[in-house]
Amino acid sequence: MEWFTDLFTMQFLTALLSIVVIDLVLAGDNAIVIALAARNLPPHLQKKAIVWGTIGAVVVRSAMTIGVVWLLKIPGLLLVGGLALVWIAYKLLAAEDDGEGHGSGANTLVGAMKTIIIADAVMGVDNVLAVAGAAHGSFLLVVLGLLISIPIVVWGSSLVLKLMARFPAVIFIGAGVLAFTAVKMIVHEPVTKEFFESQPVVYWGLYVVIIGGVLGAGWLTQKRRDARGAGEKPVESH
């Protein structure tokens, strides 16, 4: 029962508080991904996507934390993850909304959950490193911290989803935040970090190009789709 008594030590509680704070600070990106992925689902499936997507993301992140030492040995991991997140941000922004919930609801729900889990795994690399450092090797601390953060992420996702429904511009803000996170991963990749730190113009230019590119490409895709949809509408006879 020694592990049980350790739960009440000041060191354990301080480390747990640190992990919860880290998880909460980083929960914003997760909430945005979940809300963007679930926004086109029928209302009765949105809650399921939020809850199960969050749980799936936590499971994946817990597994990543176990292998954090191994992950640290992979060169270019943050660079590849950042590039993948750029694509995810664009796809979430340009995702088609048929407005009717057409297609198989189950497939749509599964698709949203897959997007949430993959995006969180990509974003979670640097997050896992921060949490693992605060946990000092205690997997129990990591799991407790993630479990405590679940209701915050679920609540945050629901709030962002409501804002997106009421203010469509929030969708672009959310995609911009994801693009910003992607650039941050790329410039902090150990393989490229020294180069970017020595080239401030390239460093900040990359933020402008990628964020502007994701938002611009998403906006153009939506405009083209709207124009195509308007052209396909039958002309009413009088």
# chains A, B, ... in the order shown; residues from 1 in each chain; ligands from 1
$ residues_around --residues "Arg39 in chain A" --least-positions-apart "3" --cutoff "7 Å" --atoms "only C-alpha atoms" --output "JSON, numbers by chain"
{"A": [35, 36, 161]}
$ write_last_selection --atoms "N, CA and C atoms" --output "PDB file, in the first residue's frame"
ATOM      1  N   ALA A  35     -14.177  20.430 -31.890  1.00  0.00           N
ATOM      2  CA  ALA A  35     -15.315  21.212 -32.368  1.00  0.00           C
ATOM      3  C   ALA A  35     -15.336  21.295 -33.894  1.00  0.00           C
ATOM      4  N   LEU A  36     -14.168  21.513 -34.518  1.00  0.00           N
ATOM      5  CA  LEU A  36     -14.101  21.576 -35.981  1.00  0.00           C
ATOM      6  C   LEU A  36     -14.495  20.240 -36.616  1.00  0.00           C
ATOM      7  N   LEU A 161     -18.125  24.720 -30.215  1.00  0.00           N
ATOM      8  CA  LEU A 161     -19.103  24.257 -31.203  1.00  0.00           C
ATOM      9  C   LEU A 161     -20.288  25.217 -31.287  1.00  0.00           C
TER      10      LEU A 161
END
$ closest_residue --among "A:Val177, A:Val51, A:Leu109, A:Leu141" --to "Val33 in chain A" --atoms "only C-alpha atoms"
A:Val177
$ atom_distance --atom1 "CA of Leu13 in chain A" --atom2 "CA of Leu147 in chain A"
15.0 Å
$ residues_around --residues "Val191 in chain A" --least-positions-apart "6" --cutoff "9 Å" --atoms "only C-alpha atoms" --output "ChimeraX atom specification"
/A:75-76,79
$ write_last_selection --atoms "N, CA and C atoms" --output "mmCIF file, in the first residue's frame"
data_model
loop_
_atom_site.group_PDB
_atom_site.id
_atom_site.type_symbol
_atom_site.label_atom_id
_atom_site.label_comp_id
_atom_site.auth_asym_id
_atom_site.auth_seq_id
_atom_site.Cartn_x
_atom_site.Cartn_y
_atom_site.Cartn_z
ATOM 1 N N PRO A 75 14.316 11.392 -35.033
ATOM 2 C CA PRO A 75 14.662 12.703 -35.596
ATOM 3 C C PRO A 75 13.572 13.199 -36.547
ATOM 4 N N GLY A 76 13.261 14.491 -36.461
ATOM 5 C CA GLY A 76 12.282 15.076 -37.372
ATOM 6 C C GLY A 76 10.835 14.826 -36.998
ATOM 7 N N LEU A 79 8.747 18.000 -36.835
ATOM 8 C CA LEU A 79 8.644 18.558 -38.188
ATOM 9 C C LEU A 79 7.551 17.843 -38.981
#
$ closest_residue --among "A:Arg61, A:His188, A:Lys223, A:Lys73" --to "Ile117 in chain A" --atoms "only C-alpha atoms"
A:Arg61
$ atom_distance --atom1 "CA of Lys91 in chain A" --atom2 "CA of Tyr207 in chain A"
18.4 Å
$ closest_residue --among "A:Val128, A:Leu78, A:Leu45, A:Val201" --to "Val143 in chain A" --atoms "only C-alpha atoms"
A:Val128
$ closest_residue --among "A:Asn30, A:Gly176, A:Ser18, A:Pro43" --to "Trp219 in chain A" --atoms "only C-alpha atoms"
A:Gly176
$ atom_distance --atom1 "CA of Ala175 in chain A" --atom2 "CA of Ala121 in chain A"
17.0 Å
$ closest_residue --among "A:Met123, A:Arg225, A:Ile173, A:Gly218" --to "Asp29 in chain A" --atoms "only C-alpha atoms"
A:Met123
$ closest_residue --among "A:Leu77, A:Ala37, A:Ala15, A:Val21" --to "Thr192 in chain A" --atoms "only C-alpha atoms"
A:Leu77
$ residues_around --residues "Val153 in chain A" --least-positions-apart "4" --cutoff "7 Å" --atoms "only C-alpha atoms" --output "JSON, numbers by chain"
{"A": [27, 30, 31, 149, 157]}
$ decode --residues "range 175-198 of chain A" --atoms "N, CA and C atoms" --output "compact mmCIF listing (two decimals), in the first residue's frame"
# COMPACT_ATOMS: atom_id res chain seq x y z
N ALA A 175 -9.15 27.27 -37.13
CA ALA A 175 -8.19 26.72 -38.09
C ALA A 175 -6.87 27.49 -38.01
N GLY A 176 -6.95 28.80 -37.77
CA GLY A 176 -5.75 29.61 -37.62
C GLY A 176 -4.93 29.20 -36.41
N VAL A 177 -5.62 28.88 -35.31
CA VAL A 177 -4.93 28.42 -34.09
C VAL A 177 -4.21 27.10 -34.35
N LEU A 178 -4.87 26.19 -35.07
CA LEU A 178 -4.24 24.91 -35.40
C LEU A 178 -3.02 25.12 -36.30
N ALA A 179 -3.14 26.03 -37.28
CA ALA A 179 -2.02 26.32 -38.17
C ALA A 179 -0.86 26.93 -37.38
N PHE A 180 -1.17 27.80 -36.42
CA PHE A 180 -0.15 28.39 -35.55
C PHE A 180 0.57 27.30 -34.75
N THR A 181 -0.21 26.35 -34.22
CA THR A 181 0.37 25.23 -33.47
C THR A 181 1.29 24.41 -34.37
N ALA A 182 0.88 24.22 -35.62
CA ALA A 182 1.69 23.45 -36.57
C ALA A 182 3.04 24.13 -36.82
N VAL A 183 3.02 25.45 -37.03
CA VAL A 183 4.27 26.18 -37.27
C VAL A 183 5.17 26.11 -36.03
N LYS A 184 4.56 26.23 -34.87
CA LYS A 184 5.32 26.18 -33.62
C LYS A 184 6.05 24.84 -33.49
N MET A 185 5.39 23.75 -33.89
CA MET A 185 6.02 22.44 -33.86
C MET A 185 7.19 22.38 -34.84
N ILE A 186 6.99 22.94 -36.04
CA ILE A 186 8.03 22.90 -37.08
C ILE A 186 9.28 23.66 -36.65
N VAL A 187 9.09 24.89 -36.13
CA VAL A 187 10.26 25.72 -35.78
C VAL A 187 10.95 25.25 -34.50
N HIS A 188 10.26 24.43 -33.69
CA HIS A 188 10.89 23.92 -32.47
C HIS A 188 11.44 22.51 -32.63
N GLU A 189 11.35 21.97 -33.84
CA GLU A 189 11.95 20.67 -34.12
C GLU A 189 13.47 20.79 -33.94
N PRO A 190 14.07 19.91 -33.12
CA PRO A 190 15.53 20.00 -32.87
C PRO A 190 16.38 20.03 -34.14
N VAL A 191 15.92 19.33 -35.19
CA VAL A 191 16.69 19.29 -36.43
C VAL A 191 16.74 20.65 -37.11
N THR A 192 15.66 21.43 -36.99
CA THR A 192 15.57 22.72 -37.69
C THR A 192 15.63 23.94 -36.76
N LYS A 193 15.60 23.70 -35.46
CA LYS A 193 15.49 24.80 -34.49
C LYS A 193 16.61 25.83 -34.62
N GLU A 194 17.84 25.34 -34.73
CA GLU A 194 19.00 26.24 -34.80
C GLU A 194 18.90 27.16 -36.04
N PHE A 195 18.46 26.58 -37.16
CA PHE A 195 18.35 27.36 -38.39
C PHE A 195 17.32 28.48 -38.23
N PHE A 196 16.14 28.12 -37.71
CA PHE A 196 15.07 29.12 -37.57
C PHE A 196 15.44 30.21 -36.56
N GLU A 197 16.12 29.82 -35.48
CA GLU A 197 16.53 30.81 -34.48
C GLU A 197 17.55 31.79 -35.03
N SER A 198 18.35 31.35 -36.00
CA SER A 198 19.36 32.23 -36.59
C SER A 198 18.80 33.05 -37.76
